Each structure stands twice: as C-alpha cells, then as structure tokens.
>>> print(open('my_file-v9.cif').read())   # mmCIF, C-alpha atoms (C1' of nucleotides)
data_query
#
loop_
_atom_site.group_PDB
_atom_site.id
_atom_site.type_symbol
_atom_site.label_atom_id
_atom_site.label_comp_id
_atom_site.auth_asym_id
_atom_site.auth_seq_id
_atom_site.Cartn_x
_atom_site.Cartn_y
_atom_site.Cartn_z
ATOM 1 C CA MET A 456 8.996 8.918 -3.612
ATOM 2 C CA ALA A 457 7.678 5.699 -2.163
ATOM 3 C CA ARG A 458 4.222 4.507 -1.349
ATOM 4 C CA ALA A 459 2.517 6.294 1.515
ATOM 5 C CA ALA A 460 3.004 4.774 4.944
ATOM 6 C CA THR A 461 0.414 2.228 5.997
ATOM 7 C CA THR A 462 -0.252 4.378 9.027
ATOM 8 C CA THR A 463 -1.127 7.382 6.898
ATOM 9 C CA ASP A 464 -4.835 6.671 6.900
ATOM 10 C CA THR A 465 -7.350 3.880 7.158
ATOM 11 C CA PHE A 466 -7.326 3.298 3.405
ATOM 12 C CA ASN A 467 -3.691 2.336 3.535
ATOM 13 C CA ALA A 468 -4.037 0.392 6.765
ATOM 14 C CA VAL A 469 -6.786 -1.901 5.502
ATOM 15 C CA ALA A 470 -5.184 -2.429 2.116
ATOM 16 C CA GLU A 471 -3.318 -5.287 3.772
ATOM 17 C CA PRO A 472 -5.550 -8.402 3.790
ATOM 18 C CA ARG A 473 -4.233 -9.644 7.139
ATOM 19 C CA ARG A 474 -5.364 -6.454 8.769
ATOM 20 C CA ARG A 475 -8.831 -6.726 7.319
ATOM 21 C CA GLN A 476 -8.864 -10.280 8.590
ATOM 22 C CA ILE A 477 -7.912 -9.062 12.049
ATOM 23 C CA LEU A 478 -10.692 -6.506 12.021
ATOM 24 C CA ASP A 479 -13.121 -9.197 10.934
ATOM 25 C CA LEU A 480 -12.034 -11.406 13.823
ATOM 26 C CA LEU A 481 -12.402 -8.527 16.241
ATOM 27 C CA GLY A 482 -15.824 -7.822 14.826
ATOM 28 C CA GLY A 483 -17.251 -10.459 17.110
ATOM 29 C CA GLY A 484 -15.974 -8.701 20.196
ATOM 30 C CA GLU A 485 -12.707 -7.934 21.962
ATOM 31 C CA ARG A 486 -9.969 -10.521 21.900
ATOM 32 C CA PRO A 487 -6.424 -11.062 23.158
ATOM 33 C CA VAL A 488 -3.507 -11.167 20.752
ATOM 34 C CA ASN A 489 -2.893 -14.879 21.122
ATOM 35 C CA ASP A 490 -6.399 -15.614 19.927
ATOM 36 C CA LEU A 491 -5.662 -13.799 16.720
ATOM 37 C CA VAL A 492 -2.323 -15.545 16.370
ATOM 38 C CA SER A 493 -4.038 -18.934 16.487
ATOM 39 C CA GLU A 494 -6.656 -18.004 13.946
ATOM 40 C CA LEU A 495 -4.349 -16.231 11.539
ATOM 41 C CA GLY A 496 -1.600 -18.828 11.516
ATOM 42 C CA LEU A 497 0.908 -16.003 11.640
ATOM 43 C CA GLY A 498 3.750 -15.277 14.035
ATOM 44 C CA GLN A 499 2.903 -13.421 17.220
ATOM 45 C CA PRO A 500 5.288 -10.538 16.469
ATOM 46 C CA GLN A 501 3.690 -10.064 13.065
ATOM 47 C CA VAL A 502 0.244 -9.910 14.558
ATOM 48 C CA SER A 503 1.410 -7.401 17.130
ATOM 49 C CA LYS A 504 2.812 -5.271 14.352
ATOM 50 C CA HIS A 505 -0.405 -5.371 12.368
ATOM 51 C CA LEU A 506 -2.263 -4.383 15.506
ATOM 52 C CA ARG A 507 0.114 -1.484 15.942
ATOM 53 C CA VAL A 508 -0.716 -0.179 12.493
ATOM 54 C CA LEU A 509 -4.417 -0.535 13.166
ATOM 55 C CA ARG A 510 -3.961 1.230 16.473
ATOM 56 C CA GLU A 511 -2.107 4.107 14.887
ATOM 57 C CA VAL A 512 -4.902 4.823 12.454
ATOM 58 C CA GLY A 513 -7.455 4.404 15.233
ATOM 59 C CA ALA A 514 -9.095 1.319 13.795
ATOM 60 C CA VAL A 515 -8.682 -0.642 17.030
ATOM 61 C CA SER A 516 -8.287 0.176 20.679
ATOM 62 C CA VAL A 517 -6.713 -1.790 23.502
ATOM 63 C CA ARG A 518 -7.640 -2.647 27.046
ATOM 64 C CA GLU A 519 -5.249 -4.238 29.512
ATOM 65 C CA ASP A 520 -6.313 -7.384 31.279
ATOM 66 C CA GLY A 521 -3.561 -8.828 33.438
ATOM 67 C CA ARG A 522 -0.814 -9.937 31.158
ATOM 68 C CA ARG A 523 -3.103 -9.976 28.195
ATOM 69 C CA ARG A 524 -4.246 -7.107 26.011
ATOM 70 C CA LEU A 525 -7.730 -7.122 24.648
ATOM 71 C CA TYR A 526 -8.229 -5.487 21.297
ATOM 72 C CA ARG A 527 -11.503 -4.278 19.891
ATOM 73 C CA VAL A 528 -12.609 -2.656 16.651
ATOM 74 C CA ASN A 529 -13.231 1.045 16.583
ATOM 75 C CA GLY A 530 -15.665 1.228 13.708
ATOM 76 C CA GLU A 531 -15.714 4.974 13.336
ATOM 77 C CA ALA A 532 -12.250 4.881 11.833
ATOM 78 C CA LEU A 533 -13.757 3.011 8.903
ATOM 79 C CA LYS A 534 -16.424 5.592 8.285
ATOM 80 C CA PRO A 535 -14.331 7.665 5.846
ATOM 81 C CA ILE A 536 -13.960 4.614 3.662
ATOM 82 C CA HIS A 537 -17.650 3.941 3.787
ATOM 83 C CA ASP A 538 -18.459 7.535 3.015
ATOM 84 C CA TRP A 539 -16.110 7.652 0.074
ATOM 85 C CA VAL A 540 -17.163 4.404 -1.533
ATOM 86 C CA SER A 541 -20.841 5.105 -0.957
ATOM 87 C CA GLY A 542 -20.550 7.923 -3.449
ATOM 88 C CA TYR A 543 -20.201 5.259 -6.127
ATOM 89 C CA GLU A 544 -22.962 3.005 -4.928
ATOM 90 C CA ARG A 545 -25.308 4.313 -7.572
ATOM 91 C CA LEU A 546 -23.065 2.808 -10.210
ATOM 92 C CA TRP A 547 -23.917 -0.745 -9.240
ATOM 93 C CA SER A 548 -26.975 -0.726 -7.036
ATOM 94 C CA ASP A 549 -30.171 -1.792 -8.791
ATOM 95 C CA ARG A 550 -32.035 0.588 -6.610
ATOM 96 C CA PHE A 551 -30.115 3.526 -7.996
ATOM 97 C CA VAL A 552 -30.241 2.230 -11.538
ATOM 98 C CA GLN A 553 -34.019 2.195 -11.269
ATOM 99 C CA LEU A 554 -33.997 5.610 -9.698
ATOM 100 C CA ASP A 555 -31.996 6.919 -12.620
ATOM 101 C CA ALA A 556 -34.552 5.443 -15.005
ATOM 102 C CA VAL A 557 -37.381 7.134 -13.153
ATOM 103 C CA LEU A 558 -35.596 10.449 -13.153
ATOM 104 C CA ASP A 559 -34.982 10.107 -16.863
ATOM 105 C CA GLU A 560 -38.635 9.468 -17.421
ATOM 106 C CA LEU A 561 -39.611 12.501 -15.390
ATOM 107 C CA GLN A 562 -37.335 14.627 -17.501
ATOM 108 C CA GLY A 563 -38.747 13.342 -20.726
ATOM 109 C CA ASN A 564 -35.311 12.065 -21.663
ATOM 110 C CA GLU A 565 -34.989 8.693 -23.258
ATOM 111 C CA ARG A 566 -31.347 8.108 -22.630
ATOM 112 C CA THR A 567 -31.590 4.321 -22.822
ATOM 113 C CA GLU A 568 -33.606 4.093 -26.003
ATOM 114 C CA GLY A 569 -31.427 4.748 -29.024
ATOM 115 C CA ASP A 570 -27.971 3.801 -27.845
ATOM 116 C CA GLY A 571 -26.308 0.912 -29.539
ATOM 117 C CA ASP A 572 -22.924 1.795 -28.081
ATOM 118 C CA ASP A 573 -22.575 -0.026 -24.850
ATOM 119 C CA GLY A 574 -19.158 -0.555 -23.261
ATOM 120 C CA GLU A 575 -17.626 -4.013 -22.911
ATOM 121 C CA MET B 1480 8.223 -9.894 2.020
ATOM 122 C CA ALA B 1481 7.107 -6.609 0.590
ATOM 123 C CA ARG B 1482 3.760 -4.930 0.493
ATOM 124 C CA ALA B 1483 1.211 -6.425 -1.893
ATOM 125 C CA ALA B 1484 1.145 -4.988 -5.400
ATOM 126 C CA THR B 1485 -1.237 -2.100 -5.922
ATOM 127 C CA THR B 1486 -2.818 -4.088 -8.720
ATOM 128 C CA THR B 1487 -3.641 -6.955 -6.388
ATOM 129 C CA ASP B 1488 -7.125 -5.713 -5.624
ATOM 130 C CA THR B 1489 -9.221 -2.581 -5.398
ATOM 131 C CA PHE B 1490 -8.310 -2.072 -1.749
ATOM 132 C CA ASN B 1491 -4.684 -1.625 -2.664
ATOM 133 C CA ALA B 1492 -5.432 0.386 -5.783
ATOM 134 C CA VAL B 1493 -7.474 3.035 -3.993
ATOM 135 C CA ALA B 1494 -5.131 3.269 -1.032
ATOM 136 C CA GLU B 1495 -3.293 5.877 -3.096
ATOM 137 C CA PRO B 1496 -5.014 9.290 -2.693
ATOM 138 C CA ARG B 1497 -4.279 10.361 -6.268
ATOM 139 C CA ARG B 1498 -6.159 7.380 -7.573
ATOM 140 C CA ARG B 1499 -9.183 8.142 -5.423
ATOM 141 C CA GLN B 1500 -8.969 11.684 -6.735
ATOM 142 C CA ILE B 1501 -8.937 10.379 -10.294
ATOM 143 C CA LEU B 1502 -11.979 8.250 -9.632
ATOM 144 C CA ASP B 1503 -13.713 11.250 -8.114
ATOM 145 C CA LEU B 1504 -12.968 13.314 -11.204
ATOM 146 C CA LEU B 1505 -14.231 10.549 -13.447
ATOM 147 C CA GLY B 1506 -17.339 10.315 -11.319
ATOM 148 C CA GLY B 1507 -18.834 13.166 -13.324
ATOM 149 C CA GLY B 1508 -18.488 11.302 -16.592
ATOM 150 C CA GLU B 1509 -15.823 10.069 -18.977
ATOM 151 C CA ARG B 1510 -12.774 12.212 -19.538
ATOM 152 C CA PRO B 1511 -9.526 12.251 -21.524
ATOM 153 C CA VAL B 1512 -6.185 11.907 -19.791
ATOM 154 C CA ASN B 1513 -5.134 15.485 -20.341
ATOM 155 C CA ASP B 1514 -8.170 16.719 -18.486
ATOM 156 C CA LEU B 1515 -7.063 14.785 -15.446
ATOM 157 C CA VAL B 1516 -3.506 16.015 -15.808
ATOM 158 C CA SER B 1517 -4.704 19.629 -15.638
ATOM 159 C CA GLU B 1518 -6.841 19.050 -12.596
ATOM 160 C CA LEU B 1519 -4.380 16.951 -10.689
ATOM 161 C CA GLY B 1520 -1.342 19.118 -11.269
ATOM 162 C CA LEU B 1521 0.662 15.965 -11.827
ATOM 163 C CA GLY B 1522 2.810 14.858 -14.738
ATOM 164 C CA GLN B 1523 1.060 13.193 -17.649
ATOM 165 C CA PRO B 1524 3.109 9.978 -17.369
ATOM 166 C CA GLN B 1525 2.202 9.705 -13.702
ATOM 167 C CA VAL B 1526 -1.470 10.068 -14.454
ATOM 168 C CA SER B 1527 -1.226 7.452 -17.178
ATOM 169 C CA LYS B 1528 0.408 5.100 -14.710
ATOM 170 C CA HIS B 1529 -2.273 5.644 -12.101
ATOM 171 C CA LEU B 1530 -4.873 4.974 -14.769
ATOM 172 C CA ARG B 1531 -3.085 1.764 -15.640
ATOM 173 C CA VAL B 1532 -3.357 0.552 -12.078
ATOM 174 C CA LEU B 1533 -7.018 1.460 -11.972
ATOM 175 C CA ARG B 1534 -7.535 -0.333 -15.273
ATOM 176 C CA GLU B 1535 -5.813 -3.463 -14.054
ATOM 177 C CA VAL B 1536 -8.106 -3.788 -11.074
ATOM 178 C CA GLY B 1537 -11.095 -2.980 -13.256
ATOM 179 C CA ALA B 1538 -11.944 0.298 -11.567
ATOM 180 C CA VAL B 1539 -11.943 2.213 -14.838
ATOM 181 C CA SER B 1540 -12.449 1.382 -18.488
ATOM 182 C CA VAL B 1541 -11.236 3.131 -21.623
ATOM 183 C CA ARG B 1542 -12.737 4.137 -24.906
ATOM 184 C CA GLU B 1543 -10.702 5.381 -27.853
ATOM 185 C CA ASP B 1544 -11.653 8.665 -29.441
ATOM 186 C CA GLY B 1545 -9.219 9.677 -32.129
ATOM 187 C CA ARG B 1546 -5.922 10.310 -30.492
ATOM 188 C CA ARG B 1547 -7.511 10.713 -27.122
ATOM 189 C CA ARG B 1548 -8.569 8.050 -24.670
ATOM 190 C CA LEU B 1549 -11.660 8.575 -22.623
ATOM 191 C CA TYR B 1550 -11.690 6.984 -19.211
ATOM 192 C CA ARG B 1551 -14.730 6.260 -17.125
ATOM 193 C CA VAL B 1552 -15.351 4.777 -13.692
ATOM 194 C CA ASN B 1553 -16.471 1.208 -13.413
ATOM 195 C CA GLY B 1554 -18.249 1.344 -10.089
ATOM 196 C CA GLU B 1555 -18.748 -2.367 -9.635
ATOM 197 C CA ALA B 1556 -15.072 -2.794 -8.910
ATOM 198 C CA LEU B 1557 -15.632 -0.763 -5.760
ATOM 199 C CA LYS B 1558 -18.452 -2.944 -4.529
ATOM 200 C CA PRO B 1559 -16.190 -5.337 -2.574
ATOM 201 C CA ILE B 1560 -14.934 -2.399 -0.577
ATOM 202 C CA HIS B 1561 -18.423 -1.194 0.078
ATOM 203 C CA ASP B 1562 -19.560 -4.657 1.068
ATOM 204 C CA TRP B 1563 -16.688 -5.152 3.439
ATOM 205 C CA VAL B 1564 -16.893 -1.818 5.183
ATOM 206 C CA SER B 1565 -20.668 -1.966 5.421
ATOM 207 C CA GLY B 1566 -20.257 -4.846 7.833
ATOM 208 C CA TYR B 1567 -18.953 -2.313 10.333
ATOM 209 C CA GLU B 1568 -21.564 0.349 9.726
ATOM 210 C CA ARG B 1569 -23.444 -0.682 12.839
ATOM 211 C CA LEU B 1570 -20.488 0.461 14.900
ATOM 212 C CA TRP B 1571 -21.021 4.124 14.088
ATOM 213 C CA SER B 1572 -24.477 4.535 12.634
ATOM 214 C CA ASP B 1573 -27.019 5.964 15.055
ATOM 215 C CA ARG B 1574 -29.653 3.926 13.348
ATOM 216 C CA PHE B 1575 -27.884 0.715 14.282
ATOM 217 C CA VAL B 1576 -27.069 1.897 17.766
ATOM 218 C CA GLN B 1577 -30.775 2.438 18.322
ATOM 219 C CA LEU B 1578 -31.541 -0.911 16.766
ATOM 220 C CA ASP B 1579 -29.165 -2.560 19.211
ATOM 221 C CA ALA B 1580 -30.949 -0.838 22.074
ATOM 222 C CA VAL B 1581 -34.284 -2.089 20.875
ATOM 223 C CA LEU B 1582 -33.004 -5.603 20.471
ATOM 224 C CA ASP B 1583 -31.588 -5.483 23.966
ATOM 225 C CA GLU B 1584 -34.929 -4.401 25.304
ATOM 226 C CA LEU B 1585 -36.693 -7.220 23.506
ATOM 227 C CA GLN B 1586 -34.323 -9.684 25.079
ATOM 228 C CA GLY B 1587 -34.954 -8.352 28.541
ATOM 229 C CA ASN B 1588 -31.320 -7.378 28.825
ATOM 230 C CA GLU B 1589 -30.494 -4.081 30.377
ATOM 231 C CA ARG B 1590 -27.005 -3.676 29.099
ATOM 232 C CA THR B 1591 -27.144 0.107 29.074
ATOM 233 C CA GLU B 1592 -28.708 0.647 32.485
ATOM 234 C CA GLY B 1593 -26.110 0.223 35.182
ATOM 235 C CA ASP B 1594 -22.971 1.039 33.295
ATOM 236 C CA GLY B 1595 -20.762 3.797 34.547
ATOM 237 C CA ASP B 1596 -18.033 2.517 32.257
ATOM 238 C CA ASP B 1597 -18.591 3.940 28.858
ATOM 239 C CA GLY B 1598 -15.819 3.889 26.278
ATOM 240 C CA GLU B 1599 -13.656 6.920 25.494
ATOM 241 C "C1'" DT C 997 12.962 -15.027 43.553
ATOM 242 C "C1'" DT C 998 12.570 -17.665 39.662
ATOM 243 C "C1'" DG C 999 10.366 -19.345 35.758
ATOM 244 C "C1'" DA C 1000 6.562 -19.388 32.574
ATOM 245 C "C1'" DC C 1001 3.394 -16.769 30.012
ATOM 246 C "C1'" DA C 1002 1.666 -12.690 26.960
ATOM 247 C "C1'" DT C 1003 2.932 -9.106 24.177
ATOM 248 C "C1'" DA C 1004 5.919 -5.537 22.007
ATOM 249 C "C1'" DT C 1005 10.124 -4.042 19.712
ATOM 250 C "C1'" DG C 1006 14.443 -4.293 16.914
ATOM 251 C "C1'" DC C 1007 17.122 -5.846 13.046
ATOM 252 C "C1'" DC C 1008 17.326 -7.993 8.517
ATOM 253 C "C1'" DT C 1009 15.975 -9.110 3.689
ATOM 254 C "C1'" DA C 1010 13.464 -8.936 -0.575
ATOM 255 C "C1'" DG C 1011 10.159 -6.604 -2.981
ATOM 256 C "C1'" DA C 1012 7.387 -2.950 -4.486
ATOM 257 C "C1'" DA C 1013 5.962 1.630 -5.053
ATOM 258 C "C1'" DC C 1014 5.708 6.743 -6.663
ATOM 259 C "C1'" DA C 1015 7.562 10.805 -8.909
ATOM 260 C "C1'" DG C 1016 10.531 12.684 -12.508
ATOM 261 C "C1'" DC C 1017 12.321 12.602 -16.858
ATOM 262 C "C1'" DA C 1018 13.205 10.822 -21.504
ATOM 263 C "C1'" DT C 1019 11.256 8.574 -25.075
ATOM 264 C "C1'" DA C 1020 8.370 5.534 -27.888
ATOM 265 C "C1'" DC C 1021 3.923 4.945 -30.178
ATOM 266 C "C1'" DG C 1022 -0.300 6.084 -32.633
ATOM 267 C "C1'" DA C 1023 -3.517 9.506 -34.728
ATOM 268 C "C1'" DT C 1024 -4.275 13.988 -36.969
ATOM 269 C "C1'" DG C 1025 -3.547 17.839 -40.145
ATOM 270 C "C1'" DC C 1026 -0.900 20.197 -43.575
ATOM 271 C "C1'" DG D 963 5.935 12.757 -45.669
ATOM 272 C "C1'" DC D 964 6.441 15.581 -41.577
ATOM 273 C "C1'" DA D 965 5.416 18.142 -37.479
ATOM 274 C "C1'" DT D 966 2.376 17.961 -33.700
ATOM 275 C "C1'" DC D 967 -0.722 16.392 -30.393
ATOM 276 C "C1'" DG D 968 -2.245 12.782 -26.896
ATOM 277 C "C1'" DT D 969 -0.933 8.990 -24.405
ATOM 278 C "C1'" DA D 970 1.893 5.016 -22.786
ATOM 279 C "C1'" DT D 971 6.230 2.887 -21.418
ATOM 280 C "C1'" DG D 972 11.021 2.556 -19.596
ATOM 281 C "C1'" DC D 973 14.552 3.754 -16.345
ATOM 282 C "C1'" DT D 974 16.288 5.682 -11.875
ATOM 283 C "C1'" DG D 975 16.414 6.927 -6.975
ATOM 284 C "C1'" DT D 976 14.277 7.018 -2.563
ATOM 285 C "C1'" DT D 977 11.191 5.190 0.716
ATOM 286 C "C1'" DC D 978 8.399 1.965 2.948
ATOM 287 C "C1'" DT D 979 6.890 -2.410 3.529
ATOM 288 C "C1'" DA D 980 5.701 -7.636 5.581
ATOM 289 C "C1'" DG D 981 7.585 -11.658 7.391
ATOM 290 C "C1'" DG D 982 11.205 -14.200 10.222
ATOM 291 C "C1'" DC D 983 13.780 -14.446 14.215
ATOM 292 C "C1'" DA D 984 15.838 -12.836 18.509
ATOM 293 C "C1'" DT D 985 14.981 -10.347 22.393
ATOM 294 C "C1'" DA D 986 13.102 -6.899 25.669
ATOM 295 C "C1'" DT D 987 9.281 -5.783 28.763
ATOM 296 C "C1'" DG D 988 5.706 -6.726 31.860
ATOM 297 C "C1'" DT D 989 2.606 -9.977 34.568
ATOM 298 C "C1'" DC D 990 1.385 -13.980 37.086
ATOM 299 C "C1'" DA D 991 2.354 -18.343 39.850
ATOM 300 C "C1'" DA D 992 4.968 -21.258 42.858
#
>>> encode(input="my_file-v9.cif", output="structure tokens")
Amino acid sequence: MARAATTTDTFNAVAEPRRRQILDLLGGGERPVNDLVSELGLGQPQVSKHLRVLREVGAVSVREDGRRRLYRVNGEALKPIHDWVSGYERLWSDRFVQLDAVLDELQGNERTEGDGDDGE
Amino acid sequence: MARAATTTDTFNAVAEPRRRQILDLLGGGERPVNDLVSELGLGQPQVSKHLRVLREVGAVSVREDGRRRLYRVNGEALKPIHDWVSGYERLWSDRFVQLDAVLDELQGNERTEGDGDDGE
DNA sequence: TTGACATATGCCTAGAACAGCATACGATGC
DNA sequence: GCATCGTATGCTGTTCTAGGCATATGTCAA
C-alpha cells in the first residue's frame, strides 16, 4: 500500500509546504493564479495543480473573472485540523499547565513534589 | 520530485491517520507498544515504524521499562500545527465573525448591509 | 479572425511511502 | 544456557506523488 492520496483529507493536502504557502497568500483575500505564480517562484502548471488539490479537499474555492480565476481560502475546511490539534494544547500551553496545578491542589495531590524522574 | 518525507515535519507525520490515532491513544498517558498494537489492529512492526516516524519528528518520546518501551506524547511538537491553523480560525469561528462585524461598524463601513451576494 | 493572455490538463521521471512478512536484537525467567 | 517475550529493522510490491515541459481550453483585444 502507498501513502494516502493528498486529496484524501485536509491533513494530507496541507502536508505539502507549497500548499500551506498558497493558503497563506490567499489569507489576505482572493487572488488570481498568476499572482501566486509570481510569489511562489513556481511554474504555473504546478500552482494550478496545487490549487486543484486544495479545491478537492474544499480548502479553497474559485470565482471566474474574465479570463482569470480568483481563488479564496475556505477556512472551514481547516477546522478539523484545528479541532484535532487543540486536544493537545494543554500539553504546551502555560495556561493549561497552571490549570493542571490548580486542579492538583484542589485534589490534595502533590504530583509535582516528589518526582525526580523527569523526561529528557 | 516525490512527496516530502513523512519525517520532514509534524505536518507530514500526522497526515497519516494511524499516526494521529496513535497520538490519540497516547493522549491518555504513556503506553507500551503492544498496547497500541491491540487497539489499532495493526501488525506490531507497522506500529513500531509509525512510532519511529513520530519519534523522529519529536511527537513522542520513549522510556525503557524492562523489555518494554513506554511511549508518550510530546505535545510541543504539535504546536506549529496549532499555530499555523489558528491563523485561519477567524474564518469559521462565530466569535471572530462577530468581531469583524463590530470592527466594520467602528469603521463606519457597512459591508454587510446591501449585499445580496453571499457565498455558498 | 487572429493572436495574445490566463489557466488547466496530460505525460514523464525519480522518489517515497505503507503494509506484510521474516528476522534480528535485547531483556526476563527457568 | 535456553526458550520466550517485547520491540525494532530489513526487504518487497504497489501506489501515489511533485516538478518539468508540452499542449489544450477558454477569454479578450485588434
């Protein structure tokens, strides 16, 4: 079996740095393909292909404007990623670390007192 | 050119659903490999390989315990993902949509008044 | 109509992956 | 020492990729 297709879901689609870059560029508002080509320093066909992948997972949408096509971000497609990764936020956020300490205190536990075994 | 290695960064590492599943399982605390094998219904070598990828991007760390190896999540490795995707939160969060409305009002703009053209 | 512009698609190559299976390695218990 | 358990590594086959280039499609201007 091979790796899952990039169009399988948003996780796979945005694993490619160029596509994140494209989304970042589109973050400022809708833009034609050629704009992206200039900024990315990549061939026009390549950019079109990246846009296709992003379109297929719903991360961008298109609007026709004469002979140009204006792309824009569709943020909702990124929500699953946000939701998933937010579940781990407590592992690095000071706010949550402090919350954990408070909860410990309320429980009468002293989890952080006697441990000399901290990971690397 | 081929797709970037899965060990390139956390984005690529967690593009694989099994690896997200592993992280989710480890979210409850450290666990030996065999535990994960049972829950994933996947071969032990495969699980070990997924863990290797996660280790290489720093998403998990290991601790030896006799002949077992206990893995745990290292949440900080996921922070870049969270940071990146959070930049788009305003595109779906009601809170931010309302904030935008307020800001519009403060500017004297009436962007949402005369529009019959709302997106899909 | 003809030519220039804007974008999408097709073909090719090299590289990388995931699962499956066999096997190697290290720790434990007898 | 030897069998066993727990885990990691190696090899193979299939699949999918990203870039490069040529080209097709569609739109505008003269």
>>> interface_residues(input="my_file-v9.cif", of="chain B", to="chain C", cutoff="7 Å", atoms="all atoms listed in the file", output="ChimeraX atom specification")
/B:1480-1482,1484,1545-1546
>>> closest_atom_pairs(input="my_file-v9.cif", of="chain B", to="chain A", cutoff="8 Å", atoms="all atoms listed in the file", output="tab-separated table")
residue	atom	partner	partner_atom	distance
B:Arg1482	CA	A:Glu471	CA	7.8
B:Ala1483	CA	A:Glu471	CA	7.3
B:Phe1490	CA	A:Ala470	CA	5.0
B:Asn1491	CA	A:Ala470	CA	4.9
B:Val1493	CA	A:Phe466	CA	7.4
B:Ala1494	CA	A:Asn467	CA	4.9
B:Glu1495	CA	A:Ala459	CA	7.4
B:Gly1506	CA	A:Tyr543	CA	7.8
B:Asn1553	CA	A:Leu546	CA	7.5
B:Gly1554	CA	A:Leu546	CA	5.0
B:Glu1555	CA	A:Trp547	CA	5.4
B:Leu1557	CA	A:Val540	CA	6.8
B:Lys1558	CA	A:Glu544	CA	7.5
B:Ile1560	CA	A:Val540	CA	7.2
B:His1561	CA	A:Val540	CA	6.0
B:Val1564	CA	A:His537	CA	6.0
B:Ser1565	CA	A:His537	CA	6.8
B:Tyr1567	CA	A:Gly530	CA	5.9
B:Glu1568	CA	A:Gly530	CA	7.2
B:Leu1570	CA	A:Gly530	CA	5.0
B:Trp1571	CA	A:Glu531	CA	5.4
>>> residues_around(input="my_file-v9.cif", residues="DT969 in chain D", least_positions_apart="2", cutoff="9 Å", atoms="all atoms listed in the file", output="list in words")
Val1512, Asn1513, Gln1523, Pro1524, Ser1527, Arg1546, Arg1547 and Arg1548 of chain B; DC1021 and DG1022 of chain C
>>> atom_distance(input="my_file-v9.cif", atom1="CA of Arg1497 in chain B", atom2="CA of Asp1514 in chain B")
14.3 Å
>>> resolve_selection(input="my_file-v9.cif", expression="the PyMOL selection byres ((chain D) within 9 of (chain A))", output="list in words")
DG975, DT976, DT977, DC978, DT979, DA980, DG981, DG982, DG988, DT989 and DC990 of chain D
>>> atom_distance(input="my_file-v9.cif", atom1="CA of Leu1533 in chain B", atom2="CA of Leu1519 in chain B")
15.8 Å
>>> resolve_selection(input="my_file-v9.cif", expression="the PyMOL selection byres ((chain B and resi 1550) around 9)", output="PyMOL selection string")
chain B and resi 1505+1508-1512+1530+1539-1543+1548-1549+1551-1552
>>> atom_distance(input="my_file-v9.cif", atom1="CA of Gly1507 in chain B", atom2="CA of Val552 in chain A")
15.9 Å
>>> axis_aligned_box(input="my_file-v9.cif", around="range 1003-1021 of chain C", padding_each_side="5 Å", output="lines of an AutoDock Vina configuration file")
center_x = 10.1
center_y = 1.8
center_z = -3.0
size_x = 24.4
size_y = 31.8
size_z = 64.4
>>> build_atoms(input="my_file-v9.cif", residues="range 484-498 of chain A", atoms="N, CA and C atoms", output="compact mmCIF listing (two decimals), keeping the file's coordinate frame")
# COMPACT_ATOMS: atom_id res chain seq x y z
N GLY A 484 -16.19 -9.14 18.83
CA GLY A 484 -15.97 -8.70 20.20
C GLY A 484 -14.49 -8.67 20.52
N GLU A 485 -14.13 -8.11 21.65
CA GLU A 485 -12.71 -7.93 21.96
C GLU A 485 -12.02 -9.27 22.20
N ARG A 486 -10.74 -9.28 21.86
CA ARG A 486 -9.97 -10.52 21.90
C ARG A 486 -8.50 -10.25 22.20
N PRO A 487 -7.86 -11.21 22.90
CA PRO A 487 -6.42 -11.06 23.16
C PRO A 487 -5.61 -11.41 21.91
N VAL A 488 -4.39 -10.98 21.91
CA VAL A 488 -3.51 -11.17 20.75
C VAL A 488 -3.35 -12.64 20.39
N ASN A 489 -3.14 -13.47 21.39
CA ASN A 489 -2.89 -14.88 21.12
C ASN A 489 -4.04 -15.55 20.37
N ASP A 490 -5.23 -15.12 20.66
CA ASP A 490 -6.40 -15.61 19.93
C ASP A 490 -6.23 -15.38 18.44
N LEU A 491 -5.83 -14.17 18.12
CA LEU A 491 -5.66 -13.80 16.72
C LEU A 491 -4.53 -14.59 16.09
N VAL A 492 -3.46 -14.78 16.87
CA VAL A 492 -2.32 -15.54 16.37
C VAL A 492 -2.77 -16.94 15.95
N SER A 493 -3.57 -17.58 16.80
CA SER A 493 -4.04 -18.93 16.49
C SER A 493 -4.84 -18.94 15.20
N GLU A 494 -5.75 -17.99 15.09
CA GLU A 494 -6.66 -18.00 13.95
C GLU A 494 -5.98 -17.58 12.65
N LEU A 495 -4.97 -16.74 12.76
CA LEU A 495 -4.35 -16.23 11.54
C LEU A 495 -3.25 -17.15 11.03
N GLY A 496 -2.72 -18.00 11.93
CA GLY A 496 -1.60 -18.83 11.52
C GLY A 496 -0.40 -17.98 11.13
N LEU A 497 -0.17 -16.95 11.91
CA LEU A 497 0.91 -16.00 11.64
C LEU A 497 1.70 -15.86 12.93
N GLY A 498 2.95 -15.44 12.84
CA GLY A 498 3.75 -15.28 14.04
C GLY A 498 3.18 -14.22 14.96
